[in-house]
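Trainee: Provided below: target.pdb, containing PDB, C-alpha atoms.
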```pdb
MODEL        1
ATOM      1  CA  MET A   1     -25.026 -82.359  58.870
ATOM      2  CA  PRO A   2     -21.577 -83.687  59.867
ATOM      3  CA  PHE A   3     -20.496 -82.788  63.396
ATOM      4  CA  VAL A   4     -17.820 -83.926  65.825
ATOM      5  CA  GLU A   5     -18.798 -83.711  69.476
ATOM      6  CA  ARG A   6     -16.166 -82.704  72.002
ATOM      7  CA  GLU A   7     -16.404 -82.444  75.776
ATOM      8  CA  HIS A   8     -19.322 -80.667  77.411
ATOM      9  CA  GLY A   9     -21.515 -81.334  74.394
ATOM     10  CA  ILE A  10     -19.749 -78.871  72.096
ATOM     11  CA  ARG A  11     -20.492 -79.807  68.501
ATOM     12  CA  VAL A  12     -18.051 -78.741  65.803
ATOM     13  CA  HIS A  13     -19.519 -78.529  62.308
ATOM     14  CA  TYR A  14     -17.513 -79.401  59.217
ATOM     15  CA  ASP A  15     -18.070 -80.027  55.510
ATOM     16  CA  ASP A  16     -16.154 -82.698  53.602
ATOM     17  CA  TYR A  17     -15.906 -82.607  49.806
ATOM     18  CA  GLY A  18     -13.929 -84.470  47.165
ATOM     19  CA  GLN A  19     -11.113 -86.987  47.304
ATOM     20  CA  GLY A  20      -7.338 -86.825  47.259
ATOM     21  CA  ARG A  21      -4.792 -84.945  49.305
ATOM     22  CA  PRO A  22      -6.538 -83.288  52.278
ATOM     23  CA  LEU A  23      -6.802 -79.513  52.403
ATOM     24  CA  VAL A  24      -8.288 -78.189  55.653
ATOM     25  CA  PHE A  25      -9.825 -74.704  55.499
ATOM     26  CA  LEU A  26      -9.960 -72.662  58.720
ATOM     27  CA  HIS A  27     -11.858 -69.348  58.668
ATOM     28  CA  GLY A  28     -11.271 -66.219  60.690
ATOM     29  CA  TYR A  29     -13.039 -64.155  63.348
ATOM     30  CA  SER A  30     -16.763 -63.685  62.645
ATOM     31  CA  CYS A  31     -16.723 -65.760  59.440
ATOM     32  CA  ASN A  32     -17.772 -69.323  58.666
ATOM     33  CA  ALA A  33     -17.729 -71.790  55.780
ATOM     34  CA  TRP A  34     -18.889 -69.216  53.216
ATOM     35  CA  ILE A  35     -15.472 -67.548  53.242
ATOM     36  CA  TRP A  36     -14.123 -70.431  51.117
ATOM     37  CA  THR A  37     -16.848 -70.181  48.462
ATOM     38  CA  TYR A  38     -14.326 -69.457  45.704
ATOM     39  CA  GLN A  39     -12.009 -72.316  46.669
ATOM     40  CA  VAL A  40     -13.838 -75.484  47.683
ATOM     41  CA  PRO A  41     -16.171 -76.045  44.674
ATOM     42  CA  LEU A  42     -13.187 -75.848  42.311
ATOM     43  CA  LEU A  43     -10.515 -77.569  44.353
ATOM     44  CA  ALA A  44     -12.720 -80.483  45.427
ATOM     45  CA  HIS A  45     -12.308 -81.881  41.920
ATOM     46  CA  ARG A  46      -8.643 -82.586  42.725
ATOM     47  CA  TYR A  47      -8.337 -82.584  46.521
ATOM     48  CA  ARG A  48     -10.261 -83.583  49.597
ATOM     49  CA  CYS A  49     -11.501 -80.301  51.045
ATOM     50  CA  ILE A  50     -12.532 -80.149  54.691
ATOM     51  CA  VAL A  51     -14.040 -76.886  55.936
ATOM     52  CA  ILE A  52     -14.276 -76.552  59.742
ATOM     53  CA  GLU A  53     -16.424 -73.936  61.470
ATOM     54  CA  ALA A  54     -14.923 -72.780  64.762
ATOM     55  CA  ARG A  55     -16.938 -72.864  67.967
ATOM     56  CA  GLY A  56     -19.090 -69.762  68.218
ATOM     57  CA  HIS A  57     -19.366 -69.496  64.431
ATOM     58  CA  GLY A  58     -21.701 -70.752  61.745
ATOM     59  CA  ARG A  59     -23.359 -74.068  62.597
ATOM     60  CA  SER A  60     -20.973 -75.051  65.392
ATOM     61  CA  SER A  61     -21.977 -74.818  69.053
ATOM     62  CA  LYS A  62     -21.827 -71.431  70.744
ATOM     63  CA  PRO A  63     -20.922 -72.137  74.373
ATOM     64  CA  LEU A  64     -20.714 -69.448  77.027
ATOM     65  CA  SER A  65     -16.957 -69.928  77.450
ATOM     66  CA  GLY A  66     -13.897 -71.622  75.999
ATOM     67  CA  TYR A  67     -12.959 -69.099  73.304
ATOM     68  CA  SER A  68      -9.211 -69.551  73.354
ATOM     69  CA  ILE A  69      -7.183 -70.330  70.249
ATOM     70  CA  GLN A  70      -6.039 -73.501  72.031
ATOM     71  CA  GLU A  71      -9.604 -74.774  72.459
ATOM     72  CA  MET A  72     -10.541 -73.970  68.880
ATOM     73  CA  ALA A  73      -7.413 -75.725  67.606
ATOM     74  CA  ALA A  74      -8.298 -78.745  69.743
ATOM     75  CA  ASP A  75     -11.754 -78.733  68.130
ATOM     76  CA  ASP A  76     -10.114 -78.724  64.704
ATOM     77  CA  ALA A  77      -7.754 -81.551  65.651
ATOM     78  CA  ALA A  78     -10.719 -83.578  66.904
ATOM     79  CA  VAL A  79     -12.365 -83.271  63.487
ATOM     80  CA  LEU A  80      -9.190 -84.446  61.742
ATOM     81  CA  ALA A  81      -8.890 -87.365  64.157
ATOM     82  CA  ALA A  82     -12.514 -88.350  63.604
ATOM     83  CA  LEU A  83     -11.911 -88.353  59.853
ATOM     84  CA  GLY A  84      -8.727 -90.398  60.251
ATOM     85  CA  LEU A  85      -6.587 -87.686  58.649
ATOM     86  CA  ASP A  86      -2.965 -86.813  59.195
ATOM     87  CA  ARG A  87      -0.380 -84.905  57.162
ATOM     88  CA  ALA A  88      -3.057 -82.448  56.027
ATOM     89  CA  ILE A  89      -2.351 -79.068  54.481
ATOM     90  CA  LEU A  90      -3.906 -76.344  56.622
ATOM     91  CA  VAL A  91      -5.254 -73.222  54.920
ATOM     92  CA  GLY A  92      -6.056 -70.598  57.542
ATOM     93  CA  ASN A  93      -7.188 -66.990  57.258
ATOM     94  CA  SER A  94      -6.595 -64.619  60.193
ATOM     95  CA  MET A  95      -7.890 -66.444  63.293
ATOM     96  CA  GLY A  96      -7.822 -69.556  61.115
ATOM     97  CA  GLY A  97      -4.091 -69.039  60.685
ATOM     98  CA  MET A  98      -3.780 -68.868  64.466
ATOM     99  CA  ARG A  99      -5.685 -72.133  64.745
ATOM    100  CA  ALA A 100      -3.318 -73.679  62.190
ATOM    101  CA  MET A 101      -0.226 -72.550  64.096
ATOM    102  CA  GLN A 102      -1.620 -73.894  67.365
ATOM    103  CA  ILE A 103      -2.367 -77.264  65.733
ATOM    104  CA  CYS A 104       1.260 -77.344  64.556
ATOM    105  CA  LEU A 105       2.376 -76.901  68.164
ATOM    106  CA  ASP A 106      -0.078 -79.304  69.792
ATOM    107  CA  ASN A 107      -0.478 -81.966  67.082
ATOM    108  CA  PRO A 108       2.462 -81.563  64.678
ATOM    109  CA  ASP A 109       1.985 -84.999  63.090
ATOM    110  CA  LEU A 110      -1.373 -83.856  61.692
ATOM    111  CA  VAL A 111       0.206 -81.150  59.535
ATOM    112  CA  ALA A 112       2.170 -81.449  56.281
ATOM    113  CA  GLY A 113       2.247 -77.722  55.624
ATOM    114  CA  ASN A 114       0.450 -74.419  56.141
ATOM    115  CA  LEU A 115      -0.807 -71.679  53.904
ATOM    116  CA  ILE A 116      -1.552 -68.801  56.255
ATOM    117  CA  ILE A 117      -3.443 -65.763  55.000
ATOM    118  CA  SER A 118      -3.138 -62.528  56.976
ATOM    119  CA  SER A 119      -2.556 -63.738  60.511
ATOM    120  CA  ALA A 120      -0.563 -62.815  63.603
ATOM    121  CA  THR A 121       0.258 -63.572  67.183
ATOM    122  CA  ASN A 122       0.010 -61.037  70.015
ATOM    123  CA  LEU A 123      -2.199 -58.666  68.075
ATOM    124  CA  THR A 124      -2.249 -56.366  71.095
ATOM    125  CA  ARG A 125       1.029 -54.991  69.693
ATOM    126  CA  PHE A 126      -1.099 -53.384  66.995
ATOM    127  CA  VAL A 127      -4.610 -53.010  68.474
ATOM    128  CA  ASP A 128      -5.474 -52.447  72.137
ATOM    129  CA  SER A 129      -7.853 -55.269  73.065
ATOM    130  CA  THR A 130      -9.306 -53.316  76.013
ATOM    131  CA  ASP A 131     -10.375 -50.452  73.760
ATOM    132  CA  LEU A 132     -11.672 -52.886  71.150
ATOM    133  CA  LEU A 133     -13.767 -54.769  73.707
ATOM    134  CA  ARG A 134     -15.263 -51.514  75.006
ATOM    135  CA  ASP A 135     -16.201 -50.440  71.491
ATOM    136  CA  LEU A 136     -17.731 -53.822  70.649
ATOM    137  CA  ARG A 137     -19.942 -53.550  73.729
ATOM    138  CA  THR A 138     -20.990 -49.950  73.236
ATOM    139  CA  LYS A 139     -21.144 -49.354  69.459
ATOM    140  CA  TYR A 140     -21.222 -52.721  67.745
ATOM    141  CA  GLU A 141     -22.917 -51.643  64.511
ATOM    142  CA  GLU A 142     -20.434 -48.819  64.023
ATOM    143  CA  MET A 143     -17.581 -51.243  64.656
ATOM    144  CA  THR A 144     -18.796 -53.561  61.910
ATOM    145  CA  ASP A 145     -18.302 -50.787  59.343
ATOM    146  CA  GLU A 146     -14.786 -50.194  60.614
ATOM    147  CA  PHE A 147     -14.040 -53.917  60.579
ATOM    148  CA  VAL A 148     -15.132 -54.204  56.944
ATOM    149  CA  ARG A 149     -13.031 -51.185  55.983
ATOM    150  CA  ARG A 150      -9.933 -52.691  57.581
ATOM    151  CA  CYS A 151     -10.483 -56.073  55.912
ATOM    152  CA  PHE A 152     -10.822 -54.997  52.280
ATOM    153  CA  SER A 153      -8.606 -53.036  49.935
ATOM    154  CA  GLN A 154      -9.716 -49.803  48.300
ATOM    155  CA  ARG A 155     -10.104 -51.653  44.997
ATOM    156  CA  THR A 156     -12.293 -54.357  46.535
ATOM    157  CA  ARG A 157     -14.480 -51.803  48.286
ATOM    158  CA  ARG A 158     -14.843 -49.869  45.032
ATOM    159  CA  GLU A 159     -15.308 -52.724  42.542
ATOM    160  CA  ARG A 160     -16.824 -55.542  44.646
ATOM    161  CA  PRO A 161     -19.049 -53.982  47.314
ATOM    162  CA  GLU A 162     -21.153 -57.159  47.417
ATOM    163  CA  VAL A 163     -18.224 -59.000  49.033
ATOM    164  CA  CYS A 164     -17.994 -56.310  51.705
ATOM    165  CA  SER A 165     -21.721 -56.660  52.343
ATOM    166  CA  LEU A 166     -21.349 -60.397  52.874
ATOM    167  CA  LEU A 167     -18.901 -59.829  55.698
ATOM    168  CA  LYS A 168     -20.942 -57.052  57.296
ATOM    169  CA  ASN A 169     -24.134 -59.114  57.167
ATOM    170  CA  ASN A 170     -22.293 -61.992  58.809
ATOM    171  CA  LEU A 171     -21.045 -59.741  61.613
ATOM    172  CA  LEU A 172     -24.627 -58.629  62.244
ATOM    173  CA  ASP A 173     -26.150 -62.141  62.105
ATOM    174  CA  PRO A 174     -27.129 -63.037  65.694
ATOM    175  CA  VAL A 175     -27.417 -66.736  64.838
ATOM    176  CA  ALA A 176     -24.176 -67.242  62.887
ATOM    177  CA  PHE A 177     -22.101 -64.941  65.116
ATOM    178  CA  PRO A 178     -23.696 -63.735  68.375
ATOM    179  CA  ARG A 179     -22.371 -60.509  69.835
ATOM    180  CA  ARG A 180     -21.439 -62.267  73.065
ATOM    181  CA  VAL A 181     -19.111 -64.499  71.029
ATOM    182  CA  ALA A 182     -17.576 -61.465  69.321
ATOM    183  CA  CYS A 183     -16.774 -60.051  72.749
ATOM    184  CA  ALA A 184     -15.655 -63.362  74.296
ATOM    185  CA  LEU A 185     -13.066 -63.894  71.573
ATOM    186  CA  VAL A 186     -11.526 -60.504  72.372
ATOM    187  CA  GLU A 187     -11.842 -60.767  76.160
ATOM    188  CA  HIS A 188     -10.285 -64.223  76.595
ATOM    189  CA  PRO A 189      -6.607 -64.079  77.721
ATOM    190  CA  ASP A 190      -5.790 -66.579  74.962
ATOM    191  CA  GLY A 191      -8.378 -65.294  72.498
ATOM    192  CA  VAL A 192      -7.765 -63.829  69.070
ATOM    193  CA  TRP A 193      -6.151 -60.562  70.191
ATOM    194  CA  ASN A 194      -4.339 -61.733  73.338
ATOM    195  CA  TRP A 195      -3.031 -65.127  72.138
ATOM    196  CA  ASP A 196       0.762 -64.928  72.100
ATOM    197  CA  ILE A 197       3.024 -67.757  70.956
ATOM    198  CA  THR A 198       5.926 -65.518  69.936
ATOM    199  CA  PRO A 199       8.503 -67.516  71.950
ATOM    200  CA  ARG A 200       7.290 -70.756  70.336
ATOM    201  CA  LEU A 201       7.198 -69.723  66.683
ATOM    202  CA  THR A 202      10.555 -71.440  66.109
ATOM    203  CA  GLU A 203       8.861 -74.752  66.997
ATOM    204  CA  ILE A 204       6.604 -74.543  63.930
ATOM    205  CA  THR A 205       8.830 -76.304  61.432
ATOM    206  CA  GLN A 206       6.321 -77.413  58.785
ATOM    207  CA  PRO A 207       6.730 -75.739  55.366
ATOM    208  CA  THR A 208       4.645 -72.588  55.553
ATOM    209  CA  LEU A 209       3.676 -69.875  53.102
ATOM    210  CA  ILE A 210       2.376 -66.671  54.656
ATOM    211  CA  VAL A 211       0.497 -64.335  52.322
ATOM    212  CA  VAL A 212      -0.730 -60.896  53.320
ATOM    213  CA  GLY A 213      -2.336 -58.034  51.484
ATOM    214  CA  GLU A 214      -0.386 -54.807  51.194
ATOM    215  CA  GLU A 215      -3.422 -52.872  52.483
ATOM    216  CA  ASP A 216      -4.253 -55.181  55.403
ATOM    217  CA  GLU A 217      -5.213 -53.099  58.440
ATOM    218  CA  ALA A 218      -6.576 -56.006  60.489
ATOM    219  CA  THR A 219      -3.315 -57.970  60.701
ATOM    220  CA  PRO A 220      -0.734 -55.585  59.233
ATOM    221  CA  VAL A 221       2.132 -56.669  57.004
ATOM    222  CA  GLU A 222       4.529 -56.251  59.925
ATOM    223  CA  ALA A 223       2.541 -58.751  62.026
ATOM    224  CA  ASN A 224       2.853 -61.314  59.240
ATOM    225  CA  ARG A 225       6.524 -60.546  58.734
ATOM    226  CA  ILE A 226       7.164 -61.370  62.393
ATOM    227  CA  LEU A 227       5.679 -64.828  61.822
ATOM    228  CA  ALA A 228       7.789 -65.460  58.727
ATOM    229  CA  GLU A 229      10.995 -64.271  60.372
ATOM    230  CA  HIS A 230      10.614 -66.556  63.374
ATOM    231  CA  MET A 231       9.231 -69.737  61.761
ATOM    232  CA  PRO A 232      12.245 -71.625  60.342
ATOM    233  CA  ASN A 233      10.589 -72.918  57.148
ATOM    234  CA  ALA A 234       8.289 -69.997  56.345
ATOM    235  CA  ASP A 235       8.171 -67.666  53.354
ATOM    236  CA  LEU A 236       6.318 -64.354  53.135
ATOM    237  CA  GLN A 237       4.438 -63.103  50.088
ATOM    238  CA  ILE A 238       2.921 -59.595  49.997
ATOM    239  CA  VAL A 239       0.178 -59.015  47.422
ATOM    240  CA  THR A 240      -1.069 -55.709  46.008
ATOM    241  CA  ASP A 241      -4.695 -54.518  45.789
ATOM    242  CA  VAL A 242      -5.545 -56.886  48.650
ATOM    243  CA  ALA A 243      -6.137 -56.347  52.350
ATOM    244  CA  HIS A 244      -7.140 -59.074  54.804
ATOM    245  CA  MET A 245      -8.984 -61.636  52.675
ATOM    246  CA  TYR A 246      -6.912 -62.572  49.644
ATOM    247  CA  GLN A 247      -9.028 -65.680  48.977
ATOM    248  CA  ILE A 248     -12.157 -63.653  48.223
ATOM    249  CA  GLU A 249     -10.594 -60.392  47.057
ATOM    250  CA  GLN A 250      -8.555 -62.081  44.296
ATOM    251  CA  PRO A 251      -9.787 -65.685  44.295
ATOM    252  CA  LEU A 252      -8.240 -66.832  41.006
ATOM    253  CA  ALA A 253      -4.799 -65.579  41.979
ATOM    254  CA  PHE A 254      -5.140 -67.065  45.438
ATOM    255  CA  ASN A 255      -6.204 -70.457  44.097
ATOM    256  CA  GLN A 256      -3.144 -70.530  41.867
ATOM    257  CA  THR A 257      -0.953 -69.634  44.844
ATOM    258  CA  LEU A 258      -2.499 -72.446  46.878
ATOM    259  CA  GLU A 259      -2.112 -75.067  44.166
ATOM    260  CA  THR A 260       1.497 -74.045  43.537
ATOM    261  CA  PHE A 261       2.209 -74.412  47.243
ATOM    262  CA  VAL A 262       0.599 -77.868  47.338
ATOM    263  CA  THR A 263       2.637 -78.965  44.315
ATOM    264  CA  GLN A 264       5.865 -77.733  45.900
ATOM    265  CA  LEU A 265       5.174 -79.833  48.989
ATOM    266  CA  GLY A 266       5.421 -82.901  46.739
TER     267      GLY A 266
ENDMDL
END
```
What would you get if you wrote out this structure as structure tokens?

Mentor:
Amino acid sequence: MPFVEREHGIRVHYDDYGQGRPLVFLHGYSCNAWIWTYQVPLLAHRYRCIVIEARGHGRSSKPLSGYSIQEMAADDAAVLAALGLDRAILVGNSMGGMRAMQICLDNPDLVAGNLIISSATNLTRFVDSTDLLRDLRTKYEEMTDEFVRRCFSQRTRRERPEVCSLLKNNLLDPVAFPRRVACALVEHPDGVWNWDITPRLTEITQPTLIVVGEEDEATPVEANRILAEHMPNADLQIVTDVAHMYQIEQPLAFNQTLETFVTQLG
């Protein structure tokens, strides 16, 4: 399996498929490479598709600490450096979008553009991280049901319950996503909920398309609108019958959106 080793023996797992312009796929909280199942097998016929699993997720190392967005973005940048890539197009969902934005700030030369799906900064404006951490520690199984509800639209929950089950099973998998990691990502002052780059959004100048589902309750439309309004070269697209995971709720439509964005970058 391909890994890049960073300091303290942390191994970051990635998959590398196809040839051509590099697309780098960055998953969200609790997920791993499977979240791009509907994208990579098709797009690898035309692009080079790199799928990176964040520390604490999937087959990457699960250290006891270091769960800031900055550290995860540094892991991602290390993979790109090891592969000799620059000017990649980053495709990030939720926490993956945060990782993409942080890479733009720390390593701007690595990024040609971003397609960000349902992301945010300073999520504590919308969800109290202290209450969330308490609930994760005291009623984790119940919280997984709530998490799935917030991530999928009514139509997806009604017509594609198997997709919802995939996410729930992943949340409950102690190997792919230990509970201590779930809590560490919320507790860290620069973790998923507390990470706040609001004053620096104007520094992200790469062409960026932000897409969010109309029914997203995990990173609401307003959270995505804040990103688009402050990033100088960003556009916002709101899609119906979708919540937090456009790429698996409506994969054909999402793939078309992604390829159109890549074409527009030239």

Trainee: Counting only C-alpha atoms, which residue out of A:Asn122, A:Thr219, A:Asn194, A:Asn170 sits closest to Arg150 (chain A)?

Mentor: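 Between A:Asn122, A:Thr219, A:Asn194, A:Asn170, the residue approaching Arg150 (chain A) most closely is A:Thr219.
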
Trainee: Assuming the chain letters and numbering stay as they are in my file, what does the PyMOL selection byres ((chain A and resi 173-176) around 8) actually select? List them as a ChimeraX atom specification.

Mentor: /A:32,56-59,169-172,177-179

Trainee: Could you expand the PyMOL selection byres ((chain A and resi 195) around 9) into the explicit residues it covers here, written as a count of residues only?

Mentor: 17

Trainee: Kindly give the distance, in Å, that separates CA of Ser119 (chain A) and CA of Gly9 (chain A), rounded to a single decimal.

Mentor: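 Atom-to-atom, CA of Ser119 (chain A) to CA of Gly9 (chain A), that is 29.4 Å.
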
Trainee: Would you kindly translate the PyMOL selection byres ((chain A and resi 88) around 8) into the concrete residues it picks from this file, as a PyMOL selection string?

Mentor: chain A and resi 21-24+85-87+89-90+110-113

Trainee: Measuring atom to atom with only C-alpha atoms, identify which of A:Asp75, A:Ser65, A:Tyr17, A:Val181 is nearest to Asp106 (chain A).

Mentor: A:Asp75

Trainee: Which of these residues is nearest to Leu83 (chain A), using only C-alpha atoms: A:Phe3, A:Ile210, A:Pro41, A:Lys139?

Mentor: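 Using only C-alpha atoms, Leu83 (chain A) sits closest to A:Phe3.
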